[in-house]
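What's in input-v8.pdb: PDB, C-alpha atoms
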ATOM      1  CA  MET A  17     -28.206 -51.580  84.778
ATOM      2  CA  ILE A  18     -25.400 -49.698  82.995
ATOM      3  CA  PHE A  19     -23.726 -53.068  82.250
ATOM      4  CA  LYS A  20     -26.937 -54.407  80.591
ATOM      5  CA  ALA A  21     -27.279 -51.269  78.472
ATOM      6  CA  THR A  22     -23.650 -51.554  77.326
ATOM      7  CA  ILE A  23     -24.140 -55.194  76.278
ATOM      8  CA  LYS A  24     -27.349 -54.256  74.405
ATOM      9  CA  LYS A  25     -25.486 -51.454  72.635
ATOM     10  CA  MET A  26     -22.624 -53.807  71.643
ATOM     11  CA  VAL A  27     -25.034 -56.388  70.215
ATOM     12  CA  SER A  28     -26.760 -53.651  68.283
ATOM     13  CA  ILE A  29     -23.419 -52.415  66.857
ATOM     14  CA  LYS A  30     -22.446 -55.988  65.902
ATOM     15  CA  LYS A  31     -25.755 -56.479  64.106
ATOM     16  CA  SER A  32     -25.276 -53.204  62.246
ATOM     17  CA  VAL A  33     -21.773 -54.265  61.196
ATOM     18  CA  PHE A  34     -23.157 -57.614  60.015
ATOM     19  CA  ILE A  35     -25.888 -55.980  57.942
ATOM     20  CA  MET A  36     -23.481 -53.408  56.514
ATOM     21  CA  THR A  37     -21.008 -56.144  55.550
ATOM     22  CA  LEU A  38     -23.738 -58.109  53.798
ATOM     23  CA  VAL A  39     -24.985 -55.040  51.936
ATOM     24  CA  LEU A  40     -21.449 -54.150  50.807
ATOM     25  CA  VAL A  41     -20.621 -57.672  49.660
ATOM     26  CA  LEU A  42     -23.886 -58.149  47.821
ATOM     27  CA  SER A  43     -23.759 -54.778  46.098
ATOM     28  CA  SER A  44     -20.241 -55.514  44.846
ATOM     29  CA  CYS A  45     -21.483 -58.726  43.176
ATOM     30  CA  GLN A  46     -23.654 -56.950  40.624
ATOM     31  CA  SER A  47     -20.945 -56.770  37.936
ATOM     32  CA  LEU A  48     -20.000 -60.437  38.310
ATOM     33  CA  LYS A  49     -23.421 -61.885  37.760
ATOM     34  CA  THR A  50     -23.796 -64.161  34.765
ATOM     35  CA  ALA A  51     -26.972 -65.725  33.429
ATOM     36  CA  ILE A  52     -27.333 -69.303  34.595
ATOM     37  CA  PHE A  53     -27.070 -72.299  32.269
ATOM     38  CA  ASP A  54     -30.044 -72.424  29.915
ATOM     39  CA  GLN A  55     -30.985 -75.787  28.421
ATOM     40  CA  TYR A  56     -32.970 -74.104  25.613
ATOM     41  CA  SER A  57     -29.998 -71.910  24.574
ATOM     42  CA  TYR A  58     -27.690 -74.921  24.656
ATOM     43  CA  GLN A  59     -29.994 -77.095  22.529
ATOM     44  CA  GLN A  60     -30.729 -74.291  20.065
ATOM     45  CA  ALA A  61     -27.012 -73.579  19.615
ATOM     46  CA  ILE A  62     -26.354 -77.239  18.806
ATOM     47  CA  SER A  63     -29.332 -77.361  16.469
ATOM     48  CA  ILE A  64     -28.216 -74.184  14.638
ATOM     49  CA  LYS A  65     -24.686 -75.580  14.339
ATOM     50  CA  VAL A  66     -25.869 -78.843  12.722
ATOM     51  CA  GLU A  67     -28.337 -77.092  10.397
ATOM     52  CA  SER A  68     -25.791 -74.433   9.405
ATOM     53  CA  LEU A  69     -23.029 -76.869   8.528
ATOM     54  CA  ASN A  70     -25.458 -79.036   6.532
ATOM     55  CA  LEU A  71     -26.738 -76.071   4.580
ATOM     56  CA  MET A  72     -23.243 -74.696   3.985
ATOM     57  CA  SER A  73     -22.311 -78.018   2.355
ATOM     58  CA  ASP A  74     -24.720 -77.180  -0.472
ATOM     59  CA  ALA A  75     -22.941 -73.937  -1.359
ATOM     60  CA  ASP A  76     -21.360 -75.549  -4.443
ATOM     61  CA  GLN A  77     -24.865 -75.437  -5.928
ATOM     62  CA  SER A  78     -26.959 -72.462  -6.990
ATOM     63  CA  PHE A  79     -28.017 -70.211  -4.085
ATOM     64  CA  SER A  80     -31.509 -69.741  -5.542
ATOM     65  CA  VAL A  81     -32.290 -73.429  -4.904
ATOM     66  CA  TYR A  82     -31.541 -73.019  -1.185
ATOM     67  CA  GLU A  83     -32.700 -69.442  -0.677
ATOM     68  CA  VAL A  84     -35.778 -70.382   1.382
ATOM     69  CA  GLU A  85     -33.759 -72.678   3.654
ATOM     70  CA  VAL A  86     -31.128 -69.969   4.170
ATOM     71  CA  GLN A  87     -33.830 -67.410   5.029
ATOM     72  CA  ASP A  88     -35.372 -69.843   7.526
ATOM     73  CA  LEU A  89     -32.031 -70.406   9.205
ATOM     74  CA  LEU A  90     -31.272 -66.680   9.363
ATOM     75  CA  LEU A  91     -34.690 -66.202  10.968
ATOM     76  CA  GLU A  92     -33.819 -68.830  13.582
ATOM     77  CA  LEU A  93     -30.623 -66.916  14.218
ATOM     78  CA  GLN A  94     -32.529 -63.647  14.698
ATOM     79  CA  LYS A  95     -34.917 -65.332  17.135
ATOM     80  CA  MET A  96     -31.964 -66.659  19.091
ATOM     81  CA  ILE A  97     -30.430 -63.182  19.296
ATOM     82  CA  GLU A  98     -33.686 -61.727  20.652
ATOM     83  CA  TYR A  99     -33.894 -64.536  23.204
ATOM     84  CA  GLU A 100     -30.308 -64.005  24.371
ATOM     85  CA  LYS A 101     -30.697 -60.211  24.374
ATOM     86  CA  ASN A 102     -33.591 -60.274  26.818
ATOM     87  CA  LYS A 103     -31.964 -62.637  29.302
ATOM     88  CA  PRO A 104     -30.528 -60.725  32.296
ATOM     89  CA  ASP A 105     -26.732 -60.631  32.791
ATOM     90  CA  ASN A 106     -26.163 -62.268  29.435
ATOM     91  CA  GLU A 107     -24.041 -59.682  27.595
ATOM     92  CA  VAL A 108     -21.284 -62.093  26.530
ATOM     93  CA  SER A 109     -23.560 -64.696  24.885
ATOM     94  CA  TYR A 110     -25.590 -61.934  23.237
ATOM     95  CA  ALA A 111     -22.433 -60.334  21.804
ATOM     96  CA  MET A 112     -21.185 -63.700  20.508
ATOM     97  CA  TRP A 113     -24.455 -64.448  18.678
ATOM     98  CA  LYS A 114     -24.419 -60.956  17.170
ATOM     99  CA  VAL A 115     -20.959 -61.513  15.650
ATOM    100  CA  LEU A 116     -22.135 -64.795  14.130
ATOM    101  CA  ALA A 117     -25.281 -63.217  12.655
ATOM    102  CA  ASN A 118     -23.629 -60.075  11.292
ATOM    103  CA  LYS A 119     -23.749 -60.169   7.460
ATOM    104  CA  GLU A 120     -20.850 -57.719   7.258
ATOM    105  CA  LYS A 121     -18.592 -60.079   9.210
ATOM    106  CA  ASN A 122     -17.114 -63.287   7.866
ATOM    107  CA  LEU A 123     -18.817 -66.049   9.790
ATOM    108  CA  LEU A 124     -22.252 -67.684   9.333
ATOM    109  CA  ALA A 125     -24.406 -64.803   8.020
ATOM    110  CA  GLY A 126     -21.392 -63.462   6.098
ATOM    111  CA  PHE A 127     -20.983 -66.838   4.395
ATOM    112  CA  PHE A 128     -24.622 -66.863   3.258
ATOM    113  CA  LYS A 129     -24.217 -63.310   1.947
ATOM    114  CA  ARG A 130     -21.176 -64.380  -0.078
ATOM    115  CA  TRP A 131     -23.050 -67.423  -1.395
ATOM    116  CA  LYS A 132     -25.976 -65.197  -2.428
ATOM    117  CA  ASP A 133     -23.691 -62.654  -4.106
ATOM    118  CA  GLY A 134     -21.578 -65.275  -5.870
ATOM    119  CA  GLY A 135     -24.347 -67.703  -6.814
ATOM    120  CA  LYS A 136     -22.090 -70.690  -6.101
ATOM    121  CA  LEU A 137     -18.951 -71.249  -4.008
ATOM    122  CA  SER A 138     -16.096 -73.703  -4.452
ATOM    123  CA  GLU A 139     -15.983 -76.889  -2.402
ATOM    124  CA  THR A 140     -12.516 -76.105  -1.036
ATOM    125  CA  PHE A 141     -13.544 -72.651   0.153
ATOM    126  CA  THR A 142     -16.798 -73.998   1.623
ATOM    127  CA  ASN A 143     -14.959 -76.699   3.579
ATOM    128  CA  GLU A 144     -12.573 -74.122   5.076
ATOM    129  CA  ALA A 145     -15.432 -71.723   5.882
ATOM    130  CA  LYS A 146     -17.342 -74.575   7.559
ATOM    131  CA  LEU A 147     -14.401 -75.143   9.905
ATOM    132  CA  GLN A 148     -14.463 -71.454  10.846
ATOM    133  CA  VAL A 149     -18.221 -71.408  11.488
ATOM    134  CA  ALA A 150     -18.049 -74.683  13.451
ATOM    135  CA  GLU A 151     -15.309 -73.201  15.652
ATOM    136  CA  ALA A 152     -17.408 -70.086  16.275
ATOM    137  CA  LEU A 153     -20.495 -72.088  17.255
ATOM    138  CA  ASP A 154     -18.399 -74.390  19.441
ATOM    139  CA  LEU A 155     -17.244 -71.350  21.429
ATOM    140  CA  ILE A 156     -20.881 -70.300  21.986
ATOM    141  CA  ILE A 157     -21.894 -73.849  23.007
ATOM    142  CA  LYS A 158     -18.858 -74.280  25.284
ATOM    143  CA  TYR A 159     -19.545 -70.966  27.017
ATOM    144  CA  GLU A 160     -23.207 -71.836  27.656
ATOM    145  CA  ALA A 161     -22.167 -75.217  29.063
ATOM    146  CA  GLN A 162     -19.791 -73.549  31.515
ATOM    147  CA  LYS A 163     -22.431 -71.298  33.044
ATOM    148  CA  ASN A 164     -23.529 -72.051  36.585
ATOM    149  CA  LYS A 165     -25.974 -74.870  36.976
ATOM    150  CA  THR A 166     -26.457 -74.708  40.749
ATOM    151  CA  ASN A 167     -28.980 -72.843  42.849
ATOM    152  CA  GLU A 168     -26.153 -70.892  44.461
ATOM    153  CA  THR A 169     -26.219 -68.373  41.626
ATOM    154  CA  ASN A 170     -30.003 -68.172  41.766
ATOM    155  CA  ILE A 171     -29.764 -67.282  45.427
ATOM    156  CA  LEU A 172     -26.983 -64.781  44.769
ATOM    157  CA  ASN A 173     -28.952 -63.210  41.919
ATOM    158  CA  PHE A 174     -32.029 -63.032  44.139
ATOM    159  CA  LEU A 175     -30.138 -61.445  47.020
ATOM    160  CA  GLY A 176     -28.378 -59.035  44.700
ATOM    161  CA  THR A 177     -31.583 -57.726  43.203
ATOM    162  CA  ASN A 178     -33.512 -57.389  46.462
TER
ATOM    163  CA  MET B  23       6.565 -70.829   0.727
ATOM    164  CA  ASP B  24       8.304 -70.297   4.067
ATOM    165  CA  ILE B  25       5.328 -69.766   6.374
ATOM    166  CA  ASP B  26       7.495 -68.498   9.246
ATOM    167  CA  ALA B  27       8.916 -65.796   6.984
ATOM    168  CA  LEU B  28       5.366 -64.950   5.864
ATOM    169  CA  ILE B  29       4.184 -64.760   9.492
ATOM    170  CA  LYS B  30       7.094 -62.457  10.345
ATOM    171  CA  LEU B  31       6.371 -60.263   7.348
ATOM    172  CA  LEU B  32       2.678 -60.111   8.275
ATOM    173  CA  LYS B  33       3.517 -59.338  11.893
ATOM    174  CA  ASP B  34       5.819 -56.445  10.932
ATOM    175  CA  GLU B  35       3.273 -55.107   8.450
ATOM    176  CA  LEU B  36       0.349 -55.367  10.880
ATOM    177  CA  VAL B  37       2.235 -53.813  13.776
ATOM    178  CA  SER B  38       3.435 -51.017  11.534
ATOM    179  CA  VAL B  39      -0.014 -50.323  10.043
ATOM    180  CA  LEU B  40      -1.853 -50.683  13.357
ATOM    181  CA  GLY B  41       0.852 -48.818  15.221
ATOM    182  CA  GLU B  42       0.141 -45.706  13.185
ATOM    183  CA  SER B  43      -3.518 -45.731  14.171
ATOM    184  CA  TYR B  44      -3.023 -46.916  17.722
ATOM    185  CA  SER B  45       0.361 -45.486  18.634
ATOM    186  CA  ASP B  46      -0.747 -45.039  22.252
ATOM    187  CA  TYR B  47      -1.416 -48.760  22.439
ATOM    188  CA  LYS B  48       1.621 -50.046  20.568
ATOM    189  CA  LYS B  49       2.449 -52.688  23.180
ATOM    190  CA  GLU B  50      -1.135 -53.970  23.317
ATOM    191  CA  THR B  51      -1.417 -53.880  19.525
ATOM    192  CA  LYS B  52       1.730 -55.968  19.161
ATOM    193  CA  GLU B  53       0.425 -58.484  21.685
ATOM    194  CA  ASP B  54      -2.935 -58.700  19.878
ATOM    195  CA  VAL B  55      -1.226 -59.207  16.535
ATOM    196  CA  GLU B  56       1.076 -61.881  17.933
ATOM    197  CA  SER B  57      -1.748 -63.767  19.585
ATOM    198  CA  PHE B  58      -3.789 -63.581  16.369
ATOM    199  CA  LEU B  59      -0.901 -64.885  14.280
ATOM    200  CA  THR B  60       0.002 -67.659  16.710
ATOM    201  CA  LEU B  61      -3.580 -68.914  16.724
ATOM    202  CA  SER B  62      -3.814 -68.555  12.973
ATOM    203  CA  LYS B  63      -0.472 -70.033  11.912
ATOM    204  CA  VAL B  64      -1.696 -73.524  11.005
ATOM    205  CA  LYS B  65      -4.653 -72.175   9.080
ATOM    206  CA  LEU B  66      -2.559 -69.542   7.330
ATOM    207  CA  GLU B  67      -0.165 -72.257   6.235
ATOM    208  CA  ARG B  68      -2.984 -74.383   4.807
ATOM    209  CA  TRP B  69      -4.784 -71.474   3.127
ATOM    210  CA  THR B  70      -1.561 -70.159   1.616
ATOM    211  CA  GLY B  71      -0.877 -73.622   0.141
ATOM    212  CA  LEU B  72      -4.413 -73.771  -1.293
ATOM    213  CA  LEU B  73      -3.998 -70.271  -2.732
ATOM    214  CA  GLN B  74      -0.718 -71.258  -4.382
ATOM    215  CA  SER B  75      -2.277 -74.384  -5.902
ATOM    216  CA  GLY B  76      -5.205 -72.332  -7.227
ATOM    217  CA  GLU B  77      -7.826 -74.125  -5.102
ATOM    218  CA  LEU B  78      -8.611 -70.862  -3.325
ATOM    219  CA  THR B  79      -9.018 -67.528  -5.093
ATOM    220  CA  PRO B  80      -7.454 -64.368  -3.602
ATOM    221  CA  ASP B  81     -11.010 -63.330  -2.598
ATOM    222  CA  ASP B  82     -11.564 -66.673  -0.845
ATOM    223  CA  TYR B  83      -8.235 -66.233   0.928
ATOM    224  CA  GLU B  84      -9.104 -62.723   2.077
ATOM    225  CA  TRP B  85     -12.551 -63.840   3.268
ATOM    226  CA  LEU B  86     -11.028 -66.637   5.334
ATOM    227  CA  LEU B  87      -8.420 -64.320   6.859
ATOM    228  CA  LYS B  88     -11.183 -61.938   7.902
ATOM    229  CA  SER B  89     -13.171 -64.831   9.340
ATOM    230  CA  GLN B  90     -10.134 -65.675  11.457
ATOM    231  CA  LYS B  91     -10.129 -62.114  12.780
ATOM    232  CA  ASP B  92     -13.847 -62.461  13.646
ATOM    233  CA  LEU B  93     -13.086 -65.740  15.397
ATOM    234  CA  LEU B  94     -10.459 -63.928  17.430
ATOM    235  CA  VAL B  95     -13.150 -61.482  18.569
ATOM    236  CA  LEU B  96     -15.403 -64.380  19.581
ATOM    237  CA  ASN B  97     -12.512 -66.002  21.403
ATOM    238  CA  ALA B  98     -11.826 -62.780  23.316
ATOM    239  CA  LEU B  99     -15.520 -62.604  24.321
ATOM    240  CA  TYR B 100     -15.407 -66.236  25.420
ATOM    241  CA  GLN B 101     -12.265 -65.666  27.534
ATOM    242  CA  ALA B 102     -13.829 -62.583  29.133
ATOM    243  CA  GLY B 103     -16.994 -64.543  29.928
ATOM    244  CA  VAL B 104     -15.078 -67.448  31.434
ATOM    245  CA  SER B 105     -12.983 -65.096  33.609
ATOM    246  CA  LYS B 106     -16.194 -63.474  34.826
ATOM    247  CA  LEU B 107     -17.638 -66.902  35.662
ATOM    248  CA  ARG B 108     -14.482 -67.851  37.584
ATOM    249  CA  LEU B 109     -14.561 -64.588  39.538
ATOM    250  CA  GLY B 110     -18.239 -65.193  40.213
ATOM    251  CA  HIS B 111     -17.456 -68.619  41.697
ATOM    252  CA  LEU B 112     -14.715 -67.080  43.826
ATOM    253  CA  LYS B 113     -17.061 -64.355  44.999
ATOM    254  CA  ASN B 114     -19.675 -66.959  45.948
ATOM    255  CA  LYS B 115     -17.098 -68.689  48.135
ATOM    256  CA  ILE B 116     -16.028 -65.383  49.692
ATOM    257  CA  ILE B 117     -19.636 -64.492  50.474
ATOM    258  CA  LYS B 118     -20.271 -67.878  52.070
ATOM    259  CA  THR B 119     -17.154 -67.532  54.221
ATOM    260  CA  ILE B 120     -18.001 -63.957  55.263
ATOM    261  CA  VAL B 121     -21.603 -64.820  56.065
ATOM    262  CA  ASN B 122     -20.612 -67.928  58.065
ATOM    263  CA  THR B 123     -17.886 -66.069  59.960
ATOM    264  CA  VAL B 124     -20.003 -63.019  60.731
ATOM    265  CA  ILE B 125     -22.967 -65.152  61.812
ATOM    266  CA  THR B 126     -20.720 -67.158  64.152
ATOM    267  CA  VAL B 127     -19.304 -64.005  65.711
ATOM    268  CA  VAL B 128     -22.444 -61.891  65.903
ATOM    269  CA  ILE B 129     -25.282 -64.291  66.588
TER
END

What's the structure tokens form of this structure?
Amino acid sequence: MIFKATIKKMVSIKKSVFIMTLVLVLSSCQSLKTAIFDQYSYQQAISIKVESLNLMSDADQSFSVYEVEVQDLLLELQKMIEYEKNKPDNEVSYAMWKVLANKEKNLLAGFFKRWKDGGKLSETFTNEAKLQVAEALDLIIKYEAQKNKTNETNILNFLGTN
Amino acid sequence: MDIDALIKLLKDELVSVLGESYSDYKKETKEDVESFLTLSKVKLERWTGLLQSGELTPDDYEWLLKSQKDLLVLNALYQAGVSKLRLGHLKNKIIKTIVNTVITVVI
């Protein structure tokens, strides 16, 4: 009788240890969670890259001719930022898009600001700026492509939030 | 123009200027400056040549230099994100191993 009770107690302790281990491991995963690969984000980033570089090529002409197109593209950029902002565990992508869309910085939105202020830009400068913007968008695209594509992360995210 | 001499001059200037503001982080500042200049060397060389030939204005040159600094920020974000992803993968493996081991022992 005493022997049976001891075995029952040991099993109970083992189960408690198991549950405690799981809780500890799962709670420590919170900071390492990253949003999973998103086909929409990936496609939008490629689309924005192609549209941006095409539009930048016209910067040797008067800004007023392309103002509407620039505004449309900047709007697309703002939509993308809102989309990335509201995705859970997506701080890095969100921060990268914000740098690109910041008019006070010298990447995509900064280029359009300079074009607007200057009216026209030289072909040499535009070509160099295009390389910079392409590199920036490539980093965003490459990062999205590296995100997890398997269900393992979905399961981990689910376990971590429950 | 000797681009290596220019890089050295820029490095000394940047470390000196940044060192005054971030004296507590002098080592880190120097490393940041060096990594920025190493990544930027080829571009700096090309832009300096275009500036000398008059194809770029000083304002163009300054804009491009600042864009390189912004790219460095993006690159740092990218590296941080990739490290986090790698650690996440590692953690997934650790969890699997722990769960499998504990289940085998307990159940």

Legend entry - Output of the PyMOL selection byres ((chain A and resi 112) around 12), listed as number ranges by chain: A: 61, 93, 96-97, 100-101, 106-111, 113-118, 123-124, 152-160; B: 92-103

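Counting from atom CA of Thr79 of chain B, the distance to atom CA of Lys146 of chain A is 16.7 Å.
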
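For the pair atom CA of Val149 of chain A and atom CA of Gly126 of chain A, the interatomic distance is 10.1 Å.
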
Legend entry - Residue neighbourhood Thr140 of chain A, 10 Å, all atoms listed in the file, exclusion window fewer than 5 positions, as a ChimeraX atom specification: /A:76,145-146 /B:69,72,77-78,82

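Atom CA of Val104 of chain B to atom CA of Ala51 of chain A spans 12.2 Å [interatomic distance, one decimal].
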
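Using only C-alpha atoms, the smallest distance between any of B:Asp81, B:Gly110, B:Lys88, B:Ser75 and Gly134 of chain A comes from B:Asp81.
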
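Protein and nucleic acid residues near (-31.7, -71.8, 4.7) are Glu67, Ser68, Leu71, Met72, Tyr82, Glu83, Val84, Glu85, Val86, Gln87, Asp88, Leu89, Leu90, Leu91 and Phe128 of chain A, the criterion being any atom at most 9 Å away using all atoms listed in the file.
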
Legend entry - Nearest to Glu67 of chain B by atom-to-atom distance, counting only C-alpha atoms, from B:Leu87, B:Val55, B:Leu107, B:Val37: B:Leu87

Inset, instruction - Tell me which of A:Asp54, A:Glu98, A:Asp74, A:Asp105 sits closest to chain B, counting all atoms listed in the file. - result: A:Asp105

Legend entry - A:Gln148, A:Lys65, A:Ser73, A:Thr50 ranked by distance to Ser62 of chain B, top pick (using only C-alpha atoms): A:Gln148

Hey, what's within 12 Å of Leu32 of chain B if we count all atoms listed in the file and toss same-chain stuff fewer than 2 positions away? As a PDB file with C-alpha atoms, keeping the file's coordinate frame, please?
ATOM      1  CA  ILE B  25       5.328 -69.766   6.374  1.00  0.00           C
ATOM      2  CA  ASP B  26       7.495 -68.498   9.246  1.00  0.00           C
ATOM      3  CA  ALA B  27       8.916 -65.796   6.984  1.00  0.00           C
ATOM      4  CA  LEU B  28       5.366 -64.950   5.864  1.00  0.00           C
ATOM      5  CA  ILE B  29       4.184 -64.760   9.492  1.00  0.00           C
ATOM      6  CA  LYS B  30       7.094 -62.457  10.345  1.00  0.00           C
ATOM      7  CA  ASP B  34       5.819 -56.445  10.932  1.00  0.00           C
ATOM      8  CA  GLU B  35       3.273 -55.107   8.450  1.00  0.00           C
ATOM      9  CA  LEU B  36       0.349 -55.367  10.880  1.00  0.00           C
ATOM     10  CA  VAL B  37       2.235 -53.813  13.776  1.00  0.00           C
ATOM     11  CA  SER B  38       3.435 -51.017  11.534  1.00  0.00           C
ATOM     12  CA  VAL B  39      -0.014 -50.323  10.043  1.00  0.00           C
ATOM     13  CA  LEU B  40      -1.853 -50.683  13.357  1.00  0.00           C
ATOM     14  CA  LYS B  52       1.730 -55.968  19.161  1.00  0.00           C
ATOM     15  CA  VAL B  55      -1.226 -59.207  16.535  1.00  0.00           C
ATOM     16  CA  GLU B  56       1.076 -61.881  17.933  1.00  0.00           C
ATOM     17  CA  PHE B  58      -3.789 -63.581  16.369  1.00  0.00           C
ATOM     18  CA  LEU B  59      -0.901 -64.885  14.280  1.00  0.00           C
ATOM     19  CA  THR B  60       0.002 -67.659  16.710  1.00  0.00           C
ATOM     20  CA  SER B  62      -3.814 -68.555  12.973  1.00  0.00           C
ATOM     21  CA  LYS B  63      -0.472 -70.033  11.912  1.00  0.00           C
ATOM     22  CA  LEU B  66      -2.559 -69.542   7.330  1.00  0.00           C
ATOM     23  CA  LEU B  87      -8.420 -64.320   6.859  1.00  0.00           C
TER      24      LEU B  87
END
